[in-house]
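Since the structure comes first, as structure tokens, the remarks are kept for the end.
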Amino acid sequence: MTDSTRIGVVGAGSWGTALSRLLAEQGRTVDLWAFEPEVCAAIKERRENTLFLPGVPLPDSIHPSTRLEDVVADKDEIVLVVPTHVLRQTVSRFAPLLKPDCLIISASKGIENDSLQFVHQILDETLNRPHPFAALSGPTFAAEIARKTPSAIVAAAETEELASRVKALFESSFLKVFTSNDVLGVELGGALKNVIAIATGISDGLGLGLNTRAALINRGLVEMTRIGTALGARPETFSGLSGMGDLVLTCTGDLSRNRTVGLKLAQGESLENITGGMKMVAEGVHTVVSAYKLKENLNIQAAIIEETYQVLHRGKSPQAALQDLMNVEIGSEFSGIKGLQ
């Protein structure tokens, strides 16, 4: 008989660990999959993820494992917290083990480079049968969730019933969970904000000032909304927690890995050296490739995404990118956004 108090979390990086701790403190027993054996051993022996979330004690009700079957089999809910570029291969490994009605909650933020698919689309292709799905996104640094800093996030699902089920799982005394039925918009906001954060980090690293930062954040939001509405997302979603909320946090917060990539690029470090020295993935480095392809395929003006792609993957200097960005011809403030009155 299935133990309904057990939940599986796939991915033991900082965010997966922080969410596991939150769920455990909500009374759930958490089976947590760790790719790295040393992470699994540290949680078992020291009750701490010393690699990705050091200094945060973890309850005994979190059970780490390097075996996916231990984490996903016979679960009513699975939380996915793995980088998007390894999501397809990870899901393929455990797809046969899922209960038919298992709810899959994605806390991953990215767009697959080759297929340009979002998490829910990757799952549709990879799983043996349709599963209920929800996306969890918003302005939340793992370290601050671990410190129980008052925060807010959004749970998106096709039905209010599913979204409310996710809300009930994660809402706590310090975390407010709002609901949405715009799954694509919530996923896209969580992915593209990382690209704009790299651009903002480059700007800050060049010492361009607060005017420039504010302009990049705001115009980056417009580019996100253009792409999102062209794909069928609702424009108002990008004014919410998974859009503007997450964008502001990731572009300005010192804990932002993507902003850090931009800062170091502006200081002359190579992308290879920057990413090679990071413990965790800066999703924007991968997502900018997908974002560039999407805006090209959709014939959308997205100059910030364009120039960020050129700097990261085509060797363009930040200074040349800035000059070209300032030379872009512009129209009205909200041109290219579908669905606005």
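Here, A, B, ... name the chains of the structure tokens in the order displayed, residue numbers run from 1 inside each chain, and ligands are numbered from 1 in the same displayed order.
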
Near A:Asn128, counting only C-alpha atoms, which residues have an atom at most 12 Å away, once you skip same-chain residues fewer than 3 positions from it, shown as JSON, numbers by chain? {"A": [91, 92, 93, 94, 95, 96, 97, 98, 99, 100, 101, 122, 123, 124, 125, 131]}

Non-local contacts of A:Leu312 (9 Å; only C-alpha atoms; under 5 positions in same chain excluded) as a PyMOL selection string: chain A and resi 265+270-271+285+288+307

What separates atom CA of A:Ala155 and atom CA of A:Leu136 is a distance of 4.7 Å

Nearest candidate to A:Ala214 (options A:Ile78, A:Ala266, A:Met280, A:Cys251; using only C-alpha atoms): A:Cys251

Where does DSSP see strand (DSSP E) in stretch 52-276 of chain A, if you list the residues as an MDAnalysis selection string? chainID A and resid 62:65 77:80 103:106 133:137 151:157 175:180

Hey, could you make a per-residue contact list for stretch 38-120 of chain A against stretch 158-180 of chain A with 10 Å as the cut-off, showing the nearest pair of atoms and its distance in Å to one decimal, counting only C-alpha atoms, sorted by chain and number, as a tab-separated table?
residue	atom	partner	partner_atom	distance
A:Glu77	CA	A:Val166	CA	9.5
A:Leu103	CA	A:Leu162	CA	8.6
A:Ile104	CA	A:Val166	CA	9.9
A:Ile105	CA	A:Val166	CA	7.8

8 Å contact set for A:Ala143, only C-alpha atoms, chain neighbours under 5 positions out, as JSON, numbers by chain: {"A": [14, 18, 53]}

What is the atom CA of A:Ala230 to atom CA of A:Ala157 distance in Å?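 Computing the Euclidean distance for atom CA of A:Ala230 and atom CA of A:Ala157 yields 19.9 Å.
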
If you measure from atom CA of A:Gly262 to atom CA of A:Ile198, what distance in Å do you get, rounded to one decimal? 4.4 Å

Contacts of A:Ile217 at 12 Å or less, counting only C-alpha atoms, minus same-chain residues fewer than 4 places along, as a PDB file with C-alpha atoms, in the first residue's frame?
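Once everything was written out, this is selection.pdb:
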ATOM      1  CA  LEU A 192      13.786  33.823 -19.958  1.00  0.00           C
ATOM      2  CA  LYS A 193      14.406  35.955 -16.859  1.00  0.00           C
ATOM      3  CA  ASN A 194      17.752  34.170 -16.513  1.00  0.00           C
ATOM      4  CA  VAL A 195      18.848  35.525 -19.887  1.00  0.00           C
ATOM      5  CA  ILE A 196      17.950  39.098 -18.946  1.00  0.00           C
ATOM      6  CA  ALA A 197      19.779  38.624 -15.635  1.00  0.00           C
ATOM      7  CA  ILE A 198      22.995  37.818 -17.491  1.00  0.00           C
ATOM      8  CA  ALA A 199      22.554  40.985 -19.560  1.00  0.00           C
ATOM      9  CA  THR A 200      21.948  43.023 -16.410  1.00  0.00           C
ATOM     10  CA  GLY A 201      25.020  41.515 -14.782  1.00  0.00           C
ATOM     11  CA  SER A 203      25.715  46.085 -17.487  1.00  0.00           C
ATOM     12  CA  ASP A 204      26.510  46.234 -13.775  1.00  0.00           C
ATOM     13  CA  LEU A 210      21.153  52.268 -12.211  1.00  0.00           C
ATOM     14  CA  ASN A 211      19.378  53.927 -15.139  1.00  0.00           C
ATOM     15  CA  THR A 212      20.804  51.275 -17.453  1.00  0.00           C
ATOM     16  CA  ARG A 213      19.916  48.463 -15.079  1.00  0.00           C
ATOM     17  CA  LEU A 221      10.339  42.090 -19.612  1.00  0.00           C
ATOM     18  CA  VAL A 222       8.849  43.388 -22.851  1.00  0.00           C
ATOM     19  CA  GLU A 223      10.964  40.928 -24.854  1.00  0.00           C
ATOM     20  CA  MET A 224       9.871  38.070 -22.593  1.00  0.00           C
ATOM     21  CA  GLY A 243       7.607  37.267 -14.721  1.00  0.00           C
ATOM     22  CA  MET A 244       8.448  40.640 -13.219  1.00  0.00           C
ATOM     23  CA  GLY A 245       8.852  39.220  -9.711  1.00  0.00           C
ATOM     24  CA  ASP A 246      11.457  36.629 -10.632  1.00  0.00           C
ATOM     25  CA  LEU A 247      13.072  38.981 -13.145  1.00  0.00           C
ATOM     26  CA  VAL A 248      13.738  41.720 -10.577  1.00  0.00           C
ATOM     27  CA  LEU A 249      15.142  39.232  -8.066  1.00  0.00           C
ATOM     28  CA  THR A 250      17.447  37.495 -10.541  1.00  0.00           C
ATOM     29  CA  CYS A 251      18.679  40.729 -12.117  1.00  0.00           C
ATOM     30  CA  THR A 252      19.492  42.498  -8.846  1.00  0.00           C
ATOM     31  CA  ARG A 259      23.773  37.843 -12.786  1.00  0.00           C
ATOM     32  CA  ILE A 304      18.649  42.278 -25.455  1.00  0.00           C
ATOM     33  CA  ILE A 305      18.332  38.535 -26.009  1.00  0.00           C
TER      34      ILE A 305
END

Have a look at A:Asp182, A:Glu36, A:Glu45, A:Asp324 and name the one nearest to A:Ser137; count only C-alpha atoms.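 So, comparing all the options, the nearest one is A:Asp182.
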
Residue nearest A:Val328 - candidates A:Gln121, A:Gln267, A:Gln301, A:Ser151, atoms counted: only C-alpha atoms: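 Smallest distance to A:Val328 is found for A:Gln301.
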
Shell around A:Leu294 at 12 Å using only C-alpha atoms, local window under 4 positions removed, as a PyMOL selection string: chain A and resi 111-118+188+192+223-224+226-228+230-231+287-290+298-302+305-306

Selection above as a file: N, CA and C atoms, as a JSON list (two decimals), in the first residue's frame:
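Final output, saved to again_22.json:
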[["chain", "number", "residue", "atom", "x", "y", "z"],
["A", 111, "ILE", "N", 14.51, 26.04, -21.22],
["A", 111, "ILE", "CA", 13.93, 25.62, -22.50],
["A", 111, "ILE", "C", 14.97, 24.74, -23.18],
["A", 112, "GLU", "N", 14.58, 23.57, -23.61],
["A", 112, "GLU", "CA", 15.52, 22.65, -24.23],
["A", 112, "GLU", "C", 16.08, 23.25, -25.53],
["A", 113, "ASN", "N", 17.39, 23.17, -25.70],
["A", 113, "ASN", "CA", 18.03, 23.84, -26.83],
["A", 113, "ASN", "C", 17.64, 23.29, -28.20],
["A", 114, "ASP", "N", 17.66, 21.99, -28.37],
["A", 114, "ASP", "CA", 17.42, 21.41, -29.69],
["A", 114, "ASP", "C", 15.96, 21.46, -30.09],
["A", 115, "SER", "N", 15.08, 21.06, -29.18],
["A", 115, "SER", "CA", 13.65, 20.98, -29.50],
["A", 115, "SER", "C", 12.90, 22.28, -29.27],
["A", 116, "LEU", "N", 13.49, 23.20, -28.48],
["A", 116, "LEU", "CA", 12.83, 24.44, -28.03],
["A", 116, "LEU", "C", 11.56, 24.13, -27.24],
["A", 117, "GLN", "N", 11.57, 23.00, -26.55],
["A", 117, "GLN", "CA", 10.41, 22.61, -25.76],
["A", 117, "GLN", "C", 10.55, 23.03, -24.31],
["A", 118, "PHE", "N", 9.40, 23.30, -23.69],
["A", 118, "PHE", "CA", 9.33, 23.60, -22.27],
["A", 118, "PHE", "C", 9.15, 22.30, -21.50],
["A", 188, "LEU", "N", 7.72, 30.01, -19.13],
["A", 188, "LEU", "CA", 8.54, 30.86, -19.99],
["A", 188, "LEU", "C", 9.16, 32.01, -19.20],
["A", 192, "LEU", "N", 13.18, 32.68, -19.27],
["A", 192, "LEU", "CA", 13.79, 33.82, -19.96],
["A", 192, "LEU", "C", 14.36, 34.87, -19.01],
["A", 223, "GLU", "N", 10.52, 41.99, -23.95],
["A", 223, "GLU", "CA", 10.96, 40.93, -24.85],
["A", 223, "GLU", "C", 10.42, 39.57, -24.41],
["A", 224, "MET", "N", 10.45, 39.31, -23.11],
["A", 224, "MET", "CA", 9.87, 38.07, -22.59],
["A", 224, "MET", "C", 8.39, 37.97, -22.94],
["A", 226, "ARG", "N", 6.75, 39.56, -25.37],
["A", 226, "ARG", "CA", 6.57, 39.38, -26.82],
["A", 226, "ARG", "C", 6.65, 37.91, -27.21],
["A", 227, "ILE", "N", 7.69, 37.25, -26.74],
["A", 227, "ILE", "CA", 7.87, 35.83, -27.08],
["A", 227, "ILE", "C", 6.74, 35.01, -26.46],
["A", 228, "GLY", "N", 6.43, 35.28, -25.21],
["A", 228, "GLY", "CA", 5.40, 34.51, -24.52],
["A", 228, "GLY", "C", 4.04, 34.62, -25.18],
["A", 230, "ALA", "N", 3.39, 35.49, -28.24],
["A", 230, "ALA", "CA", 3.43, 34.88, -29.57],
["A", 230, "ALA", "C", 3.22, 33.37, -29.50],
["A", 231, "LEU", "N", 3.63, 32.76, -28.37],
["A", 231, "LEU", "CA", 3.46, 31.32, -28.18],
["A", 231, "LEU", "C", 2.12, 30.94, -27.55],
["A", 287, "THR", "N", 19.80, 28.64, -21.72],
["A", 287, "THR", "CA", 18.52, 29.16, -22.18],
["A", 287, "THR", "C", 18.66, 30.24, -23.22],
["A", 288, "VAL", "N", 19.75, 31.01, -23.19],
["A", 288, "VAL", "CA", 19.91, 32.08, -24.17],
["A", 288, "VAL", "C", 19.97, 31.53, -25.59],
["A", 289, "VAL", "N", 20.46, 30.31, -25.75],
["A", 289, "VAL", "CA", 20.48, 29.68, -27.08],
["A", 289, "VAL", "C", 19.05, 29.42, -27.55],
["A", 290, "SER", "N", 18.23, 28.87, -26.67],
["A", 290, "SER", "CA", 16.83, 28.62, -27.00],
["A", 290, "SER", "C", 16.08, 29.91, -27.24],
["A", 298, "LEU", "N", 10.18, 33.12, -34.53],
["A", 298, "LEU", "CA", 8.94, 33.86, -34.41],
["A", 298, "LEU", "C", 9.02, 35.26, -35.05],
["A", 299, "ASN", "N", 10.21, 35.62, -35.52],
["A", 299, "ASN", "CA", 10.45, 36.93, -36.13],
["A", 299, "ASN", "C", 10.07, 38.06, -35.17],
["A", 300, "ILE", "N", 10.60, 37.96, -33.96],
["A", 300, "ILE", "CA", 10.29, 38.92, -32.90],
["A", 300, "ILE", "C", 11.52, 39.78, -32.62],
["A", 301, "GLN", "N", 11.31, 41.08, -32.46],
["A", 301, "GLN", "CA", 12.41, 41.95, -32.06],
["A", 301, "GLN", "C", 12.71, 41.73, -30.58],
["A", 302, "ALA", "N", 13.91, 41.29, -30.30],
["A", 302, "ALA", "CA", 14.34, 41.04, -28.91],
["A", 302, "ALA", "C", 15.84, 41.32, -28.86],
["A", 305, "ILE", "N", 18.05, 39.97, -25.86],
["A", 305, "ILE", "CA", 18.33, 38.54, -26.01],
["A", 305, "ILE", "C", 19.35, 38.31, -27.12],
["A", 306, "GLU", "N", 19.19, 39.02, -28.23],
["A", 306, "GLU", "CA", 20.11, 38.91, -29.36],
["A", 306, "GLU", "C", 21.55, 39.22, -28.94]]

Please give the complete set of residues from stretch 216-320 of chain A that DSSP, run on the backbone, assigns to helix (DSSP H, G or I), formatted as number ranges by chain. A: 216-231, 235-239, 241-252, 257-266, 271-276, 283-297, 303-313, 318-320

Using only C-alpha atoms, the best pick from A:Val311, A:Thr17, A:Thr90, A:Val79 as closest to A:Pro54 would be A:Thr17
